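Engineer: CSV, C-alpha atoms and all ligand atoms, file input06.csv:
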chain,number,residue,atom,x,y,z
A,1,MET,CA,-2.7,1.6,5.2
A,2,SER,CA,-4.0,-0.3,8.2
A,3,LYS,CA,-3.6,1.1,11.7
A,4,LYS,CA,-1.2,-1.6,12.6
A,5,ASP,CA,1.3,-0.3,10.0
A,6,THR,CA,1.4,3.2,11.5
A,7,ILE,CA,2.7,2.2,15.0
A,8,PRO,CA,6.0,4.1,15.3
A,9,VAL,CA,9.0,1.9,16.0
A,10,ALA,CA,12.6,3.1,16.3
A,11,GLY,CA,15.1,2.0,13.7
A,12,LEU,CA,17.8,-0.6,14.3
A,13,SER,CA,21.5,0.0,14.6
A,14,ILE,CA,24.3,-1.8,12.8
A,15,TYR,CA,26.1,-1.9,16.1
A,16,ASP,CA,23.4,-4.3,17.3
A,17,PRO,CA,23.3,-8.0,16.4
A,18,VAL,CA,21.8,-8.9,13.0
A,19,HIS,CA,19.0,-11.5,13.1
A,20,LEU,CA,19.8,-14.3,10.5
A,21,GLY,CA,17.4,-17.1,11.5
A,22,ILE,CA,17.3,-20.0,14.0
A,23,TYR,CA,19.7,-22.8,15.0
A,24,GLU,CA,18.5,-26.4,15.0
A,25,ASP,CA,17.7,-26.2,18.7
A,26,GLY,CA,15.4,-23.2,18.1
A,27,HIS,CA,17.6,-20.5,19.5
A,28,GLY,CA,17.9,-17.4,17.4
A,29,VAL,CA,20.9,-16.7,15.3
A,30,ASP,CA,22.0,-13.1,15.9
A,31,ILE,CA,25.4,-12.1,14.6
A,32,GLU,CA,27.5,-9.1,15.3
A,33,LEU,CA,28.4,-7.8,11.9
A,34,ILE,CA,30.1,-4.6,13.0
A,35,TRP,CA,33.9,-4.9,12.5
A,36,ARG,CA,33.3,-8.1,10.7
A,37,ASN,CA,32.6,-9.6,7.2
A,38,ILE,CA,30.6,-12.5,6.1
A,39,LEU,CA,30.7,-14.9,3.1
A,40,LEU,CA,27.7,-17.0,2.0
A,41,ALA,CA,28.3,-19.8,-0.4
A,42,GLY,CA,26.6,-22.9,-1.8
A,43,GLU,CA,24.9,-24.3,-4.8
A,44,PRO,CA,22.3,-22.4,-6.9
A,45,GLY,CA,18.9,-22.4,-5.2
A,46,ALA,CA,20.3,-23.2,-1.7
A,47,GLY,CA,19.2,-19.9,-0.2
A,48,LYS,CA,22.1,-17.4,-0.4
A,49,SER,CA,20.1,-14.5,-1.8
A,50,VAL,CA,17.4,-15.1,0.8
A,51,GLY,CA,20.1,-15.0,3.5
A,52,LEU,CA,21.5,-11.7,2.0
A,53,ASN,CA,18.1,-10.1,2.1
A,54,ASN,CA,17.9,-10.6,5.9
A,55,ILE,CA,21.2,-8.8,6.3
A,56,VAL,CA,20.3,-6.1,3.9
A,57,ALA,CA,17.0,-5.6,5.8
A,58,HIS,CA,18.8,-5.0,9.0
A,59,GLY,CA,21.1,-2.6,7.2
A,60,ALA,CA,18.2,-0.7,5.6
A,61,LEU,CA,16.5,-0.3,8.9
A,62,SER,CA,19.6,1.2,10.4
A,63,PRO,CA,19.6,4.9,9.6
A,64,ASN,CA,23.3,5.1,10.5
A,65,LEU,CA,24.2,2.7,7.7
A,66,SER,CA,25.0,3.3,4.0
A,67,LEU,CA,24.0,0.4,1.7
A,68,TRP,CA,26.2,-0.3,-1.3
A,69,LEU,CA,24.6,-3.1,-3.3
A,70,PHE,CA,26.2,-5.1,-6.1
A,71,ASP,CA,23.9,-7.5,-7.7
A,72,GLY,CA,25.1,-9.2,-10.9
A,73,LYS,CA,21.6,-10.5,-11.5
A,74,GLN,CA,19.9,-7.2,-10.7
A,75,VAL,CA,16.7,-8.7,-9.3
A,76,GLU,CA,18.0,-10.4,-6.1
A,77,LEU,CA,18.7,-7.1,-4.2
A,78,GLY,CA,16.8,-4.9,-6.6
A,79,LEU,CA,13.9,-4.4,-4.2
A,80,TRP,CA,16.2,-2.5,-1.9
A,81,ARG,CA,17.4,-0.1,-4.6
A,82,ASP,CA,15.4,2.9,-3.2
A,83,VAL,CA,17.2,2.8,0.1
A,84,ALA,CA,20.6,2.0,-1.2
A,85,ASP,CA,23.2,4.8,-1.7
A,86,LEU,CA,24.6,2.9,-4.6
A,87,PHE,CA,23.4,0.0,-6.8
A,88,VAL,CA,25.6,-1.8,-9.3
A,89,GLY,CA,24.1,-4.3,-11.7
A,90,PRO,CA,25.9,-6.5,-14.1
A,91,ASP,CA,28.5,-3.8,-15.0
A,92,ILE,CA,32.1,-4.5,-14.2
A,93,GLU,CA,33.2,-0.9,-14.9
A,94,ALA,CA,30.7,0.5,-12.5
A,95,ALA,CA,31.7,-2.1,-10.0
A,96,LEU,CA,35.4,-1.2,-10.2
A,97,LEU,CA,34.7,2.5,-10.0
A,98,ALA,CA,32.6,1.9,-6.8
A,99,LEU,CA,35.2,-0.2,-5.2
A,100,GLU,CA,37.8,2.4,-5.9
A,101,ARG,CA,35.6,5.1,-4.3
A,102,LEU,CA,35.1,2.9,-1.3
A,103,GLN,CA,38.8,2.2,-1.0
A,104,ALA,CA,39.4,6.0,-1.0
A,105,GLU,CA,36.8,6.5,1.6
A,106,MET,CA,38.3,3.8,3.8
A,107,ASP,CA,41.7,5.4,3.5
A,108,ARG,CA,40.3,8.8,4.4
A,109,ARG,CA,38.7,7.3,7.5
A,110,TYR,CA,42.0,5.7,8.5
A,111,ARG,CA,43.8,9.0,8.2
A,112,GLU,CA,41.1,10.6,10.4
A,113,LEU,CA,41.4,7.8,13.0
A,114,ASP,CA,45.1,8.2,13.0
A,115,ARG,CA,44.8,12.0,13.4
A,116,VAL,CA,42.6,11.5,16.5
A,117,ARG,CA,44.7,8.5,17.8
A,118,ARG,CA,41.9,6.0,17.6
A,119,ARG,CA,42.0,2.4,16.4
A,120,LYS,CA,38.4,2.0,15.0
A,121,ILE,CA,35.2,3.8,14.6
A,122,ASP,CA,32.4,3.1,17.1
A,123,ARG,CA,28.8,3.8,17.9
A,124,ARG,CA,29.5,7.4,19.1
A,125,ASP,CA,31.0,8.5,15.8
A,126,PRO,CA,28.9,10.7,13.6
A,127,ILE,CA,29.9,8.7,10.6
A,128,ASP,CA,27.9,6.1,8.6
A,129,VAL,CA,29.0,2.5,8.6
A,130,ILE,CA,29.1,1.3,5.0
A,131,MET,CA,27.8,-2.1,4.1
A,132,LEU,CA,29.0,-3.5,0.8
A,133,VAL,CA,26.8,-6.3,-0.3
A,134,ILE,CA,27.7,-8.4,-3.3
A,135,ASP,CA,25.4,-11.1,-4.7
A,136,GLU,CA,26.9,-13.5,-7.2
A,137,LEU,CA,30.5,-12.5,-6.6
A,138,ALA,CA,31.7,-14.8,-9.3
A,139,LEU,CA,30.0,-12.7,-12.0
A,140,PHE,CA,32.4,-9.9,-11.0
A,141,SER,CA,35.5,-11.9,-10.2
A,142,ALA,CA,35.4,-14.5,-12.9
A,143,THR,CA,32.7,-13.9,-15.5
A,144,MET,CA,32.2,-10.4,-16.7
A,145,GLY,CA,34.9,-8.2,-18.2
A,146,SER,CA,38.5,-8.9,-19.0
A,147,LYS,CA,41.0,-10.9,-16.9
A,148,ASP,CA,42.6,-7.6,-15.9
A,149,GLN,CA,39.3,-6.2,-14.7
A,150,GLN,CA,38.5,-9.4,-12.8
A,151,ASP,CA,41.9,-9.3,-11.1
A,152,THR,CA,41.5,-5.7,-10.2
A,153,PHE,CA,38.1,-6.4,-8.7
A,154,VAL,CA,39.5,-9.2,-6.5
A,155,ARG,CA,42.5,-7.1,-5.5
A,156,LEU,CA,40.2,-4.1,-4.4
A,157,LEU,CA,37.8,-6.4,-2.7
A,158,ARG,CA,40.6,-8.2,-0.8
A,159,ASP,CA,41.8,-4.8,0.4
A,160,LEU,CA,38.3,-3.8,1.6
A,161,VAL,CA,37.8,-7.1,3.4
A,162,ALA,CA,41.2,-7.0,5.0
A,163,ARG,CA,41.3,-3.4,6.1
A,164,GLY,CA,37.7,-2.1,6.0
A,165,ARG,CA,36.5,-3.4,9.3
A,166,ALA,CA,38.0,-0.8,11.7
A,167,ALA,CA,37.0,2.0,9.3
A,168,GLY,CA,33.4,0.9,9.4
A,169,VAL,CA,33.2,-1.0,6.1
A,170,ILE,CA,31.4,-4.3,6.3
A,171,VAL,CA,31.6,-6.7,3.3
A,172,VAL,CA,28.8,-9.2,2.8
A,173,ALA,CA,29.4,-11.4,-0.2
A,174,ALA,CA,27.6,-14.4,-1.7
A,175,THR,CA,28.9,-16.9,-4.3
A,176,GLN,CA,28.4,-20.3,-5.7
A,177,ARG,CA,31.2,-22.8,-4.8
A,178,PRO,CA,34.1,-20.5,-3.9
A,179,SER,CA,36.7,-22.4,-5.8
A,180,ALA,CA,40.1,-20.8,-6.1
A,181,ASP,CA,39.4,-19.3,-9.5
A,182,ILE,CA,36.3,-17.5,-8.2
A,183,ILE,CA,37.4,-16.5,-4.8
A,184,PRO,CA,41.0,-17.0,-3.9
A,185,THR,CA,41.6,-18.8,-0.6
A,186,SER,CA,43.5,-15.8,0.7
A,187,LEU,CA,40.4,-13.7,0.2
A,188,ARG,CA,38.0,-16.4,1.7
A,189,ASP,CA,40.1,-16.7,4.8
A,190,LEU,CA,39.6,-13.0,5.6
A,191,PHE,CA,35.9,-13.5,6.1
A,192,GLY,CA,35.2,-13.9,9.9
A,193,TYR,CA,31.8,-15.5,9.3
A,194,ARG,CA,31.2,-18.1,6.7
A,195,LEU,CA,27.8,-19.6,5.9
A,196,ALA,CA,28.0,-22.8,4.0
A,197,TYR,CA,24.7,-23.7,2.2
A,198,ARG,CA,24.1,-27.0,0.5
A,199,CYS,CA,26.9,-28.0,-1.9
A,200,THR,CA,27.5,-31.1,-3.9
A,201,THR,CA,30.6,-32.6,-2.3
A,202,ASP,CA,32.4,-32.6,1.1
A,203,SER,CA,35.4,-31.0,-0.6
A,204,SER,CA,33.3,-28.0,-1.7
A,205,SER,CA,32.0,-27.7,1.8
A,206,ASP,CA,35.6,-27.6,3.0
A,207,ILE,CA,36.4,-24.9,0.4
A,208,ILE,CA,33.7,-22.7,2.0
A,209,LEU,CA,34.3,-23.5,5.7
A,210,GLY,CA,38.0,-24.2,5.6
A,211,ARG,CA,40.1,-27.3,5.5
A,212,GLY,CA,39.1,-30.3,7.6
A,213,TRP,CA,35.6,-29.5,8.9
A,214,ALA,CA,33.8,-32.1,6.7
A,215,SER,CA,35.9,-34.9,8.1
A,216,GLN,CA,34.8,-33.8,11.6
A,217,GLY,CA,31.2,-34.1,10.7
A,218,TYR,CA,30.5,-30.5,9.6
A,219,ASP,CA,29.7,-31.1,5.9
A,220,ALA,CA,27.3,-28.9,4.0
A,221,SER,CA,26.9,-31.6,1.3
A,222,THR,CA,24.8,-33.5,3.8
A,223,ILE,CA,22.1,-30.8,3.7
A,224,ALA,CA,19.3,-32.2,1.5
A,225,PRO,CA,18.4,-30.3,-1.7
A,226,GLU,CA,14.9,-29.6,-0.4
A,227,GLU,CA,16.3,-28.0,2.8
A,228,ARG,CA,16.4,-24.6,1.3
A,229,GLY,CA,17.8,-21.9,3.6
A,230,VAL,CA,19.6,-24.4,5.8
A,231,ALA,CA,23.4,-23.8,6.2
A,232,LEU,CA,26.3,-24.3,8.5
A,233,LEU,CA,27.4,-21.1,10.2
A,234,LEU,CA,31.1,-20.7,11.1
A,235,ALA,CA,32.0,-17.8,13.3
A,236,GLU,CA,35.7,-16.9,13.8
A,237,GLY,CA,37.3,-19.4,16.2
A,238,GLY,CA,34.1,-21.4,16.7
A,239,THR,CA,32.6,-24.7,15.4
A,240,PRO,CA,30.1,-24.7,12.5
A,241,ARG,CA,26.5,-24.8,13.6
A,242,ARG,CA,23.5,-25.8,11.6
A,243,MET,CA,20.9,-23.2,11.1
A,244,LYS,CA,18.1,-22.0,8.9
A,245,THR,CA,17.8,-18.5,7.7
A,246,ALA,CA,14.7,-16.4,8.1
A,247,TYR,CA,12.7,-15.7,5.0
A,248,LEU,CA,11.3,-12.4,3.8
A,249,THR,CA,8.6,-12.4,1.2
A,250,ASP,CA,8.6,-9.8,-1.5
A,251,ALA,CA,5.6,-8.1,0.1
A,252,GLN,CA,7.4,-7.9,3.4
A,253,ILE,CA,10.4,-6.4,1.7
A,254,TYR,CA,8.3,-3.8,0.0
A,255,SER,CA,6.9,-2.7,3.4
A,256,LEU,CA,10.3,-2.7,5.0
A,257,VAL,CA,11.7,-0.5,2.2
A,258,ASP,CA,8.8,1.9,2.7
A,259,TYR,CA,9.4,1.9,6.4
A,260,ALA,CA,13.2,2.3,6.0
A,261,GLN,CA,12.7,5.3,3.6
A,262,ARG,CA,10.6,7.0,6.2
A,263,LEU,CA,13.2,6.3,8.9
A,264,ARG,CA,16.0,7.5,6.7
A,265,SER,CA,14.2,10.7,5.7
A,266,LYS,CA,13.8,11.3,9.5
A,267,LYS,CA,10.1,12.0,9.1
A,268,THR,CA,7.9,10.9,11.9
A,269,VAL,CA,6.5,7.5,11.2
A,270,ALA,CA,2.9,8.1,11.8
B,1,LIG,N1,15.1,-19.7,4.7
B,1,LIG,C1,14.3,-20.1,3.8
B,1,LIG,N2,13.0,-20.4,4.0
B,1,LIG,C2,12.1,-20.8,3.1
B,1,LIG,N3,12.4,-20.9,1.8
B,1,LIG,C3,13.7,-20.6,1.4
B,1,LIG,C4,14.7,-20.1,2.4
B,1,LIG,N4,15.8,-19.9,1.7
B,1,LIG,C5,15.6,-20.1,0.4
B,1,LIG,N5,14.3,-20.5,0.2
B,1,LIG,C6,13.7,-20.9,-1.1
B,1,LIG,O1,14.7,-21.2,-2.0
B,1,LIG,C7,14.6,-20.4,-3.1
B,1,LIG,C8,16.1,-20.1,-3.6
B,1,LIG,O2,16.7,-19.3,-2.7
B,1,LIG,P1,17.8,-18.3,-3.2
B,1,LIG,O3,18.2,-17.5,-2.0
B,1,LIG,O4,17.4,-17.5,-4.3
B,1,LIG,O5,19.0,-19.3,-3.6
B,1,LIG,P2,20.5,-18.9,-4.1
B,1,LIG,O6,20.7,-17.4,-4.0
B,1,LIG,O7,21.4,-19.7,-3.3
B,1,LIG,O8,20.5,-19.4,-5.6
B,1,LIG,C9,13.9,-19.2,-2.7
B,1,LIG,O9,13.3,-18.5,-3.8
B,1,LIG,C10,12.9,-19.7,-1.7
B,1,LIG,O10,11.8,-20.2,-2.3
B,2,MG,MG,21.0,-16.1,-5.5
Please lay out the structure from this file as structure tokens.
Structural biologist:
Amino acid sequence: MSKKDTIPVAGLSIYDPVHLGIYEDGHGVDIELIWRNILLAGEPGAGKSVGLNNIVAHGALSPNLSLWLFDGKQVELGLWRDVADLFVGPDIEAALLALERLQAEMDRRYRELDRVRRRKIDRRDPIDVIMLVIDELALFSATMGSKDQQDTFVRLLRDLVARGRAAGVIVVAATQRPSADIIPTSLRDLFGYRLAYRCTTDSSSDIILGRGWASQGYDASTIAPEERGVALLLAEGGTPRRMKTAYLTDAQIYSLVDYAQRLRSKKTVA
């Protein structure tokens, strides 16, 4: 290990903004994910998993955060497995069990908040924020398992996205075109942040961002196929902004995992 790698640096916190990339004008894109959820969508190869990896990296480097990773393809988030508290591959039964556990934990936290007459958890609470990250949502909501299991998956996920925020449960999900059969509009609308990567038509862009944005000039189908990692970011109540996500190489991820493990085991990083 080179000397440079041994410089001790403090970990991050999920209560601090998460770096996603840069806007067209060169300003950094840093989003507050605490008490929020984010949906990333767009065609295959557009850059969704790369975007997810940035968010997971921040989560991994935040010792007060528990990572729950769902990866239908197994290899997109697989590099983070050693720092995740839970990793679900292409297994709908394991996915349902995990969502039920998370729902029970969310309910437990609400009971506790109620008991101490508080509305939401915050930075001072000695309780981990949980980040649920799902890559290729459609595999769980529309492809694997029976119709019943898929419906249960969507129902549980909707509850977590709708109610999880104040209890310190952040949902980060990526999917190809979120058509109604894959992700119902009622679920999509619950995501405070939406990141629309390249898609093929203006109507699929609107499906991601919400009705009407394409006709006002915010159309993710105008992103060229070679512009990988470019997307329109819509934050609650705002106007979509064109940005490009940061990119972590596998080698960088390996060293981040290594570093995160040391942070999390509370050993001195020296
Ligand atoms: N921000 C980025 N900067 C540079 N290359 C990127 C970026 N985002 C994506 N890419 C390239 O595009 C490829 C596909 O990205 P990926 O995230 O796997 O797409 P998706 O998950 O949407 O199918 C990556 O392997 C990478 O080569
Ligand atoms: Mg992907």
Engineer: How many Å separate CA of Ile38 in chain A from CA of Asp189 in chain A?
Structural biologist: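 Those two atoms sit 10.5 Å apart.
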Engineer: Quick one: axis-aligned box around all listed atoms of range 139-152 of chain A, 3 Å on every side, centre and edge lengths in Å to one decimal, written as AutoDock Vina command-line options.
Structural biologist:
--center_x 36.3 --center_y -10.1 --center_z -14.6 --size_x 18.6 --size_y 14.8 --size_z 14.8
Engineer: Using all atoms listed in the file, find each residue of chain A with at least one atom at most 9 Å away from an atom of ligand LIG 1 (chain B); report its shortest atom-to-atom pair and that distance in Å (one decimal), sort the rows by chain and rising residue number, and return the result as a tab-separated table.
Structural biologist:
residue	atom	partner	partner_atom	distance
A:Gly21	CA	B:LIG1	N1	7.6
A:Leu40	CA	B:LIG1	O7	8.7
A:Ala41	CA	B:LIG1	O7	7.5
A:Gly42	CA	B:LIG1	O7	6.3
A:Glu43	CA	B:LIG1	O7	6.0
A:Pro44	CA	B:LIG1	O8	3.7
A:Gly45	CA	B:LIG1	O8	3.4
A:Ala46	CA	B:LIG1	O7	4.0
A:Gly47	CA	B:LIG1	O3	3.2
A:Lys48	CA	B:LIG1	O7	3.8
A:Ser49	CA	B:LIG1	O3	3.6
A:Val50	CA	B:LIG1	O3	3.8
A:Gly51	CA	B:LIG1	O3	6.3
A:Leu52	CA	B:LIG1	O3	7.8
A:Asn53	CA	B:LIG1	O3	8.5
A:Glu76	CA	B:LIG1	O4	7.3
A:Asp135	CA	B:LIG1	O6	7.9
A:Glu136	CA	B:LIG1	O6	8.0
A:Ala174	CA	B:LIG1	O6	7.9
A:Thr175	CA	B:LIG1	O7	8.1
A:Gln176	CA	B:LIG1	O7	7.4
A:Tyr197	CA	B:LIG1	O7	7.6
A:Arg198	CA	B:LIG1	O7	8.7
A:Glu226	CA	B:LIG1	O1	8.6
A:Glu227	CA	B:LIG1	C3	8.0
A:Arg228	CA	B:LIG1	C5	4.7
A:Gly229	CA	B:LIG1	N4	3.4
A:Val230	CA	B:LIG1	N1	6.6
A:Lys244	CA	B:LIG1	N1	5.7
A:Thr245	CA	B:LIG1	N1	4.2
A:Ala246	CA	B:LIG1	N1	4.8
A:Tyr247	CA	B:LIG1	N1	4.7
A:Leu248	CA	B:LIG1	N2	8.2
A:Thr249	CA	B:LIG1	C10	9.0
Engineer: Can you work out the spacing between CA of Thr239 in chain A and CA of Pro17 in chain A in Å, to one decimal?
Structural biologist: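 Separating CA of Thr239 in chain A from CA of Pro17 in chain A is a distance of 19.1 Å.
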Engineer: Name the residues in contact with His58 in chain A at a cut-off of 9 Å, using only C-alpha atoms, excluding same-chain residues fewer than 2 positions from it; report them as JSON, numbers by chain.
Structural biologist: {"A": [12, 13, 14, 18, 19, 53, 54, 55, 56, 60, 61, 62]}
Engineer: CA of Met131 in chain A to CA of Ala57 in chain A: how many Å, to one decimal?
Structural biologist: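 Between CA of Met131 in chain A and CA of Ala57 in chain A the gap works out to 11.5 Å.
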Engineer: Starting from the sparse input, extend range 41-60 of chain A to N, CA, C and O atoms and give the output as a short mmCIF file (atom, residue, chain, number, x, y, z; two decimals), in the frame of the given file.
Structural biologist:
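What landed in selection.cif:
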data_model
loop_
_atom_site.label_atom_id
_atom_site.label_comp_id
_atom_site.auth_asym_id
_atom_site.auth_seq_id
_atom_site.Cartn_x
_atom_site.Cartn_y
_atom_site.Cartn_z
N ALA A 41 28.01 -19.07 0.84
CA ALA A 41 28.30 -19.80 -0.40
C ALA A 41 27.55 -21.13 -0.40
O ALA A 41 27.17 -21.68 0.63
N GLY A 42 27.33 -21.63 -1.61
CA GLY A 42 26.60 -22.90 -1.80
C GLY A 42 26.01 -22.94 -3.17
O GLY A 42 26.09 -21.98 -3.94
N GLU A 43 25.38 -24.08 -3.47
CA GLU A 43 24.90 -24.30 -4.80
C GLU A 43 23.72 -23.40 -5.18
O GLU A 43 23.04 -22.90 -4.28
N PRO A 44 23.44 -23.21 -6.49
CA PRO A 44 22.30 -22.40 -6.90
C PRO A 44 21.01 -22.91 -6.25
O PRO A 44 20.80 -24.12 -6.18
N GLY A 45 20.19 -22.02 -5.76
CA GLY A 45 18.90 -22.40 -5.20
C GLY A 45 18.98 -22.82 -3.74
O GLY A 45 17.98 -23.20 -3.13
N ALA A 46 20.17 -22.73 -3.13
CA ALA A 46 20.30 -23.20 -1.70
C ALA A 46 19.80 -22.18 -0.73
O ALA A 46 19.45 -22.55 0.39
N GLY A 47 19.76 -20.91 -1.12
CA GLY A 47 19.20 -19.90 -0.20
C GLY A 47 20.10 -18.72 0.10
O GLY A 47 19.83 -17.95 1.03
N LYS A 48 21.14 -18.52 -0.70
CA LYS A 48 22.10 -17.40 -0.40
C LYS A 48 21.45 -16.05 -0.53
O LYS A 48 21.64 -15.20 0.34
N SER A 49 20.69 -15.83 -1.60
CA SER A 49 20.10 -14.50 -1.80
C SER A 49 19.07 -14.21 -0.70
O SER A 49 18.95 -13.07 -0.23
N VAL A 50 18.34 -15.24 -0.29
CA VAL A 50 17.40 -15.10 0.80
C VAL A 50 18.14 -14.66 2.08
O VAL A 50 17.74 -13.74 2.79
N GLY A 51 19.27 -15.32 2.33
CA GLY A 51 20.10 -15.00 3.50
C GLY A 51 20.59 -13.53 3.39
O GLY A 51 20.53 -12.78 4.37
N LEU A 52 21.04 -13.13 2.21
CA LEU A 52 21.50 -11.70 2.00
C LEU A 52 20.43 -10.74 2.32
O LEU A 52 20.68 -9.71 2.93
N ASN A 53 19.21 -11.07 1.89
CA ASN A 53 18.10 -10.10 2.10
C ASN A 53 17.84 -9.85 3.57
O ASN A 53 17.45 -8.75 3.93
N ASN A 54 18.04 -10.86 4.43
CA ASN A 54 17.90 -10.60 5.90
C ASN A 54 18.89 -9.59 6.36
O ASN A 54 18.58 -8.72 7.17
N ILE A 55 20.12 -9.73 5.89
CA ILE A 55 21.20 -8.80 6.30
C ILE A 55 20.94 -7.43 5.79
O ILE A 55 21.07 -6.43 6.50
N VAL A 56 20.55 -7.37 4.51
CA VAL A 56 20.30 -6.10 3.90
C VAL A 56 19.10 -5.39 4.63
O VAL A 56 19.10 -4.17 4.84
N ALA A 57 18.12 -6.19 5.07
CA ALA A 57 17.00 -5.60 5.80
C ALA A 57 17.42 -4.92 7.05
O ALA A 57 16.99 -3.80 7.34
N HIS A 58 18.29 -5.58 7.80
CA HIS A 58 18.80 -5.00 9.00
C HIS A 58 19.55 -3.66 8.67
O HIS A 58 19.37 -2.63 9.31
N GLY A 59 20.34 -3.73 7.62
CA GLY A 59 21.10 -2.60 7.20
C GLY A 59 20.17 -1.42 6.79
O GLY A 59 20.37 -0.26 7.16
N ALA A 60 19.12 -1.76 6.04
CA ALA A 60 18.20 -0.70 5.60
C ALA A 60 17.49 -0.04 6.71
O ALA A 60 17.22 1.15 6.67
#
